[in-house]
Amino acid sequence: MSTSAGAGAFSADARREKIKRDVQQTGFLSVRSLTEQLGVSDMTIRRDLRRLEKEGVVRIVHGGASLPVGADYRQRGQSEPDAKSVIARYAVALIPEGATVLMDAGTTVAAVAEVLPEDFTGYVITHSVPVIEALMERPGIHVHTLGGELRRESRAMVGPTTVENLQKVTAQVLLLGAAAISEQGVFVDKDLERGTKTAFIESSQRVILVVDHTKFTKFSPVLLAPLSVIDEIVTDAEPPAELRRCFADLGITVHVVEP
């Protein structure tokens with residue numbers, strides 16, 4: 001273990017404050033990286049993480065800690081801002097001119113909406129309040145909202161009305177977000193999200209998953225769908241080797257765009 005930071009470089013309070021700040025910025029921190037940065041033992045880091053988890057600041061996952069389930073939209077939006085920006089600019093180029101596009105909730109999908117060209121002539125269908133806000137002042141872009149009950153935590157409409165309206169539409173492209181990705185499939189944080197996201201997938205001819213690299217090492221409790229529903233992935237770093245093999249076996253195109 002590297003201890004270049006020096007064992008006395010941080011007090012316990014300063015150490016935990018740094019962990020809290022860094023996890024809000026990156027979305028995930030490994031125990032190994034924390035021991036190297038802070039110059040303390042694995043045991044000390046795990047003790048810090050347990051305390052921060054009790055305070056609701058982090059969630060302990062395999063190998064480290066991530067943002068807690070239910071972290072609010074603003075907090076998630078602060079995670080990996082540079083990655084979200086480059087992913088958005090690449091993903092928007094994958095949308096055919098004149099297409100009908102479904103836009104899921106989530107901070108990375110909202111970043112795509114923010115860079116959608118002013119002269120885009122297609123239709124955007126969404127349940128995401130931030131997507132609607134991003135396109136509000138762009139009268140040339142047709143926006144169709146899905147209705148439903150507002151879920152403030154995700155700033156999105158959910159429920160039977162949202163799903164029913166989704167079942168009435170067909171789109172060429174879906175820009176899908178996720179809480180975590182593993183060999184088992186695409187995961188979300190809450191079971192409440194499954195119905196809407198499933199309807200999004202079923203209503204689209206082509207599913208483009210837009211996620212930053214932290215989603216490949218995170219844990220989330222609710223399986224949304226198998227990896228086979230995805231056609232393309234846009235991300236900011238190479239996925240782990242096992243995931244890359246899964247994507248290749250399923251014929252999923254992975255676009256890696258580094259910040």
# chains A, B, ... in the order shown; residues from 1 in each chain; ligands from 1

call {"tool": "select_by_dssp", "arguments": {"residues": "region 105-230 of chain A", "states": "alpha helix (DSSP H)", "output": "PyMOL selection string"}}
result
chain A and resi 107-114+129-135+160-166+194-202

call {"tool": "closest_residue", "arguments": {"among": "A:Thr235, A:Thr170, A:Ser33, A:Ser66", "to": "Glu202 (chain A)", "atoms": "only C-alpha atoms"}}
result
A:Thr170

call {"tool": "closest_atom_pairs", "arguments": {"of": "region 18-133 of chain A", "to": "region 173-176 of chain A", "cutoff": "7 Å", "atoms": "only C-alpha atoms", "output": "JSON lines"}}
result
{"residue": "A:Thr100", "atom": "CA", "partner": "A:Val173", "partner_atom": "CA", "distance": 6.7}
{"residue": "A:Val101", "atom": "CA", "partner": "A:Val173", "partner_atom": "CA", "distance": 5.0}
{"residue": "A:Leu102", "atom": "CA", "partner": "A:Leu174", "partner_atom": "CA", "distance": 4.6}
{"residue": "A:Met103", "atom": "CA", "partner": "A:Leu175", "partner_atom": "CA", "distance": 5.1}
{"residue": "A:Asp104", "atom": "CA", "partner": "A:Leu176", "partner_atom": "CA", "distance": 5.3}
{"residue": "A:Val109", "atom": "CA", "partner": "A:Leu175", "partner_atom": "CA", "distance": 6.5}

call {"tool": "atom_distance", "arguments": {"atom1": "CA of Ile233 (chain A)", "atom2": "CA of Pro259 (chain A)"}}
result
15.9 Å

call {"tool": "residues_around", "arguments": {"residues": "Val186 (chain A)", "least_positions_apart": "6", "cutoff": "12 Å", "atoms": "only C-alpha atoms", "output": "ChimeraX atom specification"}}
result
/A:176-180,194,197-198,201,209-211,215-216,218-230,233,243

call {"tool": "closest_residue", "arguments": {"among": "A:Glu193, A:Glu53, A:Glu133, A:Asp42", "to": "Val23 (chain A)", "atoms": "only C-alpha atoms"}}
result
A:Glu53

call {"tool": "residues_around", "arguments": {"residues": "Thr196 (chain A)", "least_positions_apart": "4", "cutoff": "8 Å", "atoms": "only C-alpha atoms", "output": "list in words"}}
result
Val158, Gly159, Thr162, Val163 and Phe200 of chain A

call {"tool": "residues_around", "arguments": {"residues": "Pro130 (chain A)", "least_positions_apart": "2", "cutoff": "8 Å", "atoms": "only C-alpha atoms", "output": "short mmCIF file (atom, residue, chain, number, x, y, z; two decimals) with C-alpha atoms, in the first residue's frame"}}
result
data_model
loop_
_atom_site.label_atom_id
_atom_site.label_comp_id
_atom_site.auth_asym_id
_atom_site.auth_seq_id
_atom_site.Cartn_x
_atom_site.Cartn_y
_atom_site.Cartn_z
CA ALA A 110 -30.53 16.11 -19.53
CA SER A 128 -38.03 14.63 -17.44
CA ILE A 132 -38.31 20.10 -20.69
CA GLU A 133 -36.58 23.08 -19.07
CA ALA A 134 -33.55 22.72 -21.35
CA ARG A 155 -37.42 15.44 -11.25
#

call {"tool": "select_by_dssp", "arguments": {"residues": "region 22-226 of chain A", "states": "strand (DSSP E or B)", "output": "number ranges by chain"}}
result
A: 28-30, 59-61, 64-66, 100-103, 123-126, 128, 142-145, 149-151, 156-158, 171, 173-176, 180-182, 185-188, 204, 207-210, 222-225

call {"tool": "write_last_selection", "arguments": {"atoms": "N, CA and C atoms", "output": "short mmCIF file (atom, residue, chain, number, x, y, z; two decimals), in the first residue's frame"}}
result
data_model
loop_
_atom_site.label_atom_id
_atom_site.label_comp_id
_atom_site.auth_asym_id
_atom_site.auth_seq_id
_atom_site.Cartn_x
_atom_site.Cartn_y
_atom_site.Cartn_z
N PHE A 28 -18.27 7.53 -7.04
CA PHE A 28 -17.74 6.28 -6.49
C PHE A 28 -16.29 6.47 -6.09
N LEU A 29 -15.92 5.88 -4.96
CA LEU A 29 -14.53 5.87 -4.51
C LEU A 29 -14.18 4.46 -4.07
N SER A 30 -13.04 3.95 -4.49
CA SER A 30 -12.61 2.63 -4.06
C SER A 30 -11.81 2.74 -2.77
N ARG A 59 -22.95 5.29 0.47
CA ARG A 59 -23.45 3.93 0.58
C ARG A 59 -22.27 2.99 0.33
N ILE A 60 -22.03 2.07 1.25
CA ILE A 60 -20.93 1.12 1.09
C ILE A 60 -21.33 0.07 0.06
N VAL A 61 -20.47 -0.11 -0.94
CA VAL A 61 -20.69 -1.11 -1.98
C VAL A 61 -19.41 -1.94 -2.10
N GLY A 64 -15.75 -0.32 -2.22
CA GLY A 64 -15.66 1.10 -1.89
C GLY A 64 -16.97 1.70 -1.45
N ALA A 65 -17.24 2.91 -1.92
CA ALA A 65 -18.46 3.62 -1.53
C ALA A 65 -18.96 4.45 -2.70
N SER A 66 -20.28 4.60 -2.75
CA SER A 66 -20.91 5.42 -3.79
C SER A 66 -21.88 6.39 -3.14
N THR A 100 -37.82 10.98 -34.07
CA THR A 100 -38.56 11.08 -32.82
C THR A 100 -37.70 10.43 -31.75
N VAL A 101 -37.41 11.20 -30.71
CA VAL A 101 -36.45 10.78 -29.69
C VAL A 101 -37.14 10.72 -28.33
N LEU A 102 -37.00 9.59 -27.66
CA LEU A 102 -37.42 9.48 -26.27
C LEU A 102 -36.25 9.84 -25.38
N MET A 103 -36.49 10.71 -24.41
CA MET A 103 -35.43 11.10 -23.47
C MET A 103 -35.84 10.73 -22.06
N TYR A 123 -38.75 15.30 -33.06
CA TYR A 123 -39.61 15.41 -31.89
C TYR A 123 -38.90 14.83 -30.68
N VAL A 124 -39.07 15.47 -29.53
CA VAL A 124 -38.56 14.95 -28.27
C VAL A 124 -39.75 14.59 -27.39
N ILE A 125 -39.78 13.36 -26.91
CA ILE A 125 -40.83 12.90 -26.00
C ILE A 125 -40.16 12.56 -24.68
N THR A 126 -40.65 13.13 -23.58
CA THR A 126 -39.95 12.96 -22.31
C THR A 126 -40.89 13.09 -21.12
N SER A 128 -39.06 14.00 -18.26
CA SER A 128 -38.03 14.63 -17.44
C SER A 128 -38.22 16.15 -17.39
N HIS A 142 -39.77 20.45 -31.32
CA HIS A 142 -41.08 19.97 -30.85
C HIS A 142 -40.88 19.09 -29.63
N VAL A 143 -41.58 19.42 -28.54
CA VAL A 143 -41.46 18.67 -27.30
C VAL A 143 -42.83 18.15 -26.88
N HIS A 144 -42.91 16.85 -26.62
CA HIS A 144 -44.15 16.23 -26.16
C HIS A 144 -43.91 15.69 -24.76
N THR A 145 -44.73 16.10 -23.79
CA THR A 145 -44.57 15.62 -22.41
C THR A 145 -45.57 14.50 -22.14
N GLU A 149 -47.35 11.56 -12.35
CA GLU A 149 -47.12 12.12 -11.02
C GLU A 149 -45.66 12.53 -10.89
N LEU A 150 -45.43 13.74 -10.39
CA LEU A 150 -44.07 14.25 -10.26
C LEU A 150 -43.33 13.54 -9.13
N ARG A 151 -42.19 12.94 -9.46
CA ARG A 151 -41.29 12.37 -8.46
C ARG A 151 -40.15 13.36 -8.29
N ALA A 156 -38.87 13.87 -12.37
CA ALA A 156 -39.49 13.21 -13.52
C ALA A 156 -40.92 12.81 -13.19
N MET A 157 -41.73 12.65 -14.23
CA MET A 157 -43.09 12.16 -14.10
C MET A 157 -43.10 10.64 -14.16
N VAL A 158 -43.84 10.02 -13.26
CA VAL A 158 -43.93 8.56 -13.23
C VAL A 158 -45.37 8.14 -12.99
N ALA A 171 -40.75 5.54 -31.19
CA ALA A 171 -39.64 6.45 -31.46
C ALA A 171 -38.50 5.70 -32.13
N VAL A 173 -35.32 6.52 -31.54
CA VAL A 173 -34.17 6.48 -30.62
C VAL A 173 -34.64 6.72 -29.19
N LEU A 174 -34.06 5.98 -28.26
CA LEU A 174 -34.22 6.25 -26.83
C LEU A 174 -32.85 6.55 -26.25
N LEU A 175 -32.74 7.66 -25.54
CA LEU A 175 -31.57 7.96 -24.74
C LEU A 175 -31.89 7.56 -23.31
N LEU A 176 -31.25 6.51 -22.84
CA LEU A 176 -31.57 5.88 -21.56
C LEU A 176 -30.47 6.12 -20.54
N ALA A 180 -26.74 1.79 -12.51
CA ALA A 180 -25.59 0.89 -12.50
C ALA A 180 -25.72 -0.09 -13.66
N ILE A 181 -24.56 -0.60 -14.09
CA ILE A 181 -24.50 -1.59 -15.18
C ILE A 181 -23.61 -2.74 -14.71
N SER A 182 -24.08 -3.97 -14.91
CA SER A 182 -23.24 -5.14 -14.62
C SER A 182 -23.52 -6.21 -15.67
N GLY A 185 -27.18 -6.96 -16.10
CA GLY A 185 -28.08 -6.08 -16.82
C GLY A 185 -27.98 -4.63 -16.42
N VAL A 186 -29.05 -3.91 -16.68
CA VAL A 186 -29.17 -2.47 -16.39
C VAL A 186 -29.97 -2.33 -15.10
N PHE A 187 -29.47 -1.52 -14.17
CA PHE A 187 -30.10 -1.39 -12.86
C PHE A 187 -30.57 0.05 -12.61
N VAL A 188 -31.63 0.15 -11.81
CA VAL A 188 -32.13 1.45 -11.35
C VAL A 188 -32.17 1.44 -9.83
N SER A 204 -39.21 2.10 -28.27
CA SER A 204 -38.13 2.61 -29.09
C SER A 204 -37.52 1.52 -29.97
N VAL A 207 -31.94 1.69 -28.69
CA VAL A 207 -31.69 2.14 -27.32
C VAL A 207 -30.21 2.52 -27.17
N ILE A 208 -29.98 3.78 -26.83
CA ILE A 208 -28.62 4.27 -26.59
C ILE A 208 -28.50 4.58 -25.10
N LEU A 209 -27.64 3.83 -24.43
CA LEU A 209 -27.41 4.04 -23.01
C LEU A 209 -26.32 5.09 -22.84
N VAL A 210 -26.60 6.15 -22.09
CA VAL A 210 -25.61 7.20 -21.85
C VAL A 210 -25.25 7.21 -20.37
N VAL A 222 -32.21 -2.64 -8.02
CA VAL A 222 -33.36 -3.05 -8.84
C VAL A 222 -32.94 -3.29 -10.29
N LEU A 223 -33.08 -4.53 -10.74
CA LEU A 223 -32.76 -4.87 -12.12
C LEU A 223 -33.87 -4.37 -13.04
N LEU A 224 -33.49 -3.55 -14.01
CA LEU A 224 -34.45 -3.04 -14.99
C LEU A 224 -34.62 -3.99 -16.16
N ALA A 225 -33.52 -4.39 -16.76
CA ALA A 225 -33.58 -5.19 -17.99
C ALA A 225 -32.24 -5.84 -18.25
#

call {"tool": "atom_distance", "arguments": {"atom1": "CA of Ala91 (chain A)", "atom2": "CA of Lys190 (chain A)"}}
result
25.5 Å

call {"tool": "atom_distance", "arguments": {"atom1": "CA of Glu17 (chain A)", "atom2": "CA of Asp212 (chain A)"}}
result
24.0 Å

call {"tool": "closest_residue", "arguments": {"among": "A:Thr253, A:Thr161, A:Gln37, A:Thr108", "to": "Asp82 (chain A)", "atoms": "only C-alpha atoms"}}
result
A:Thr108
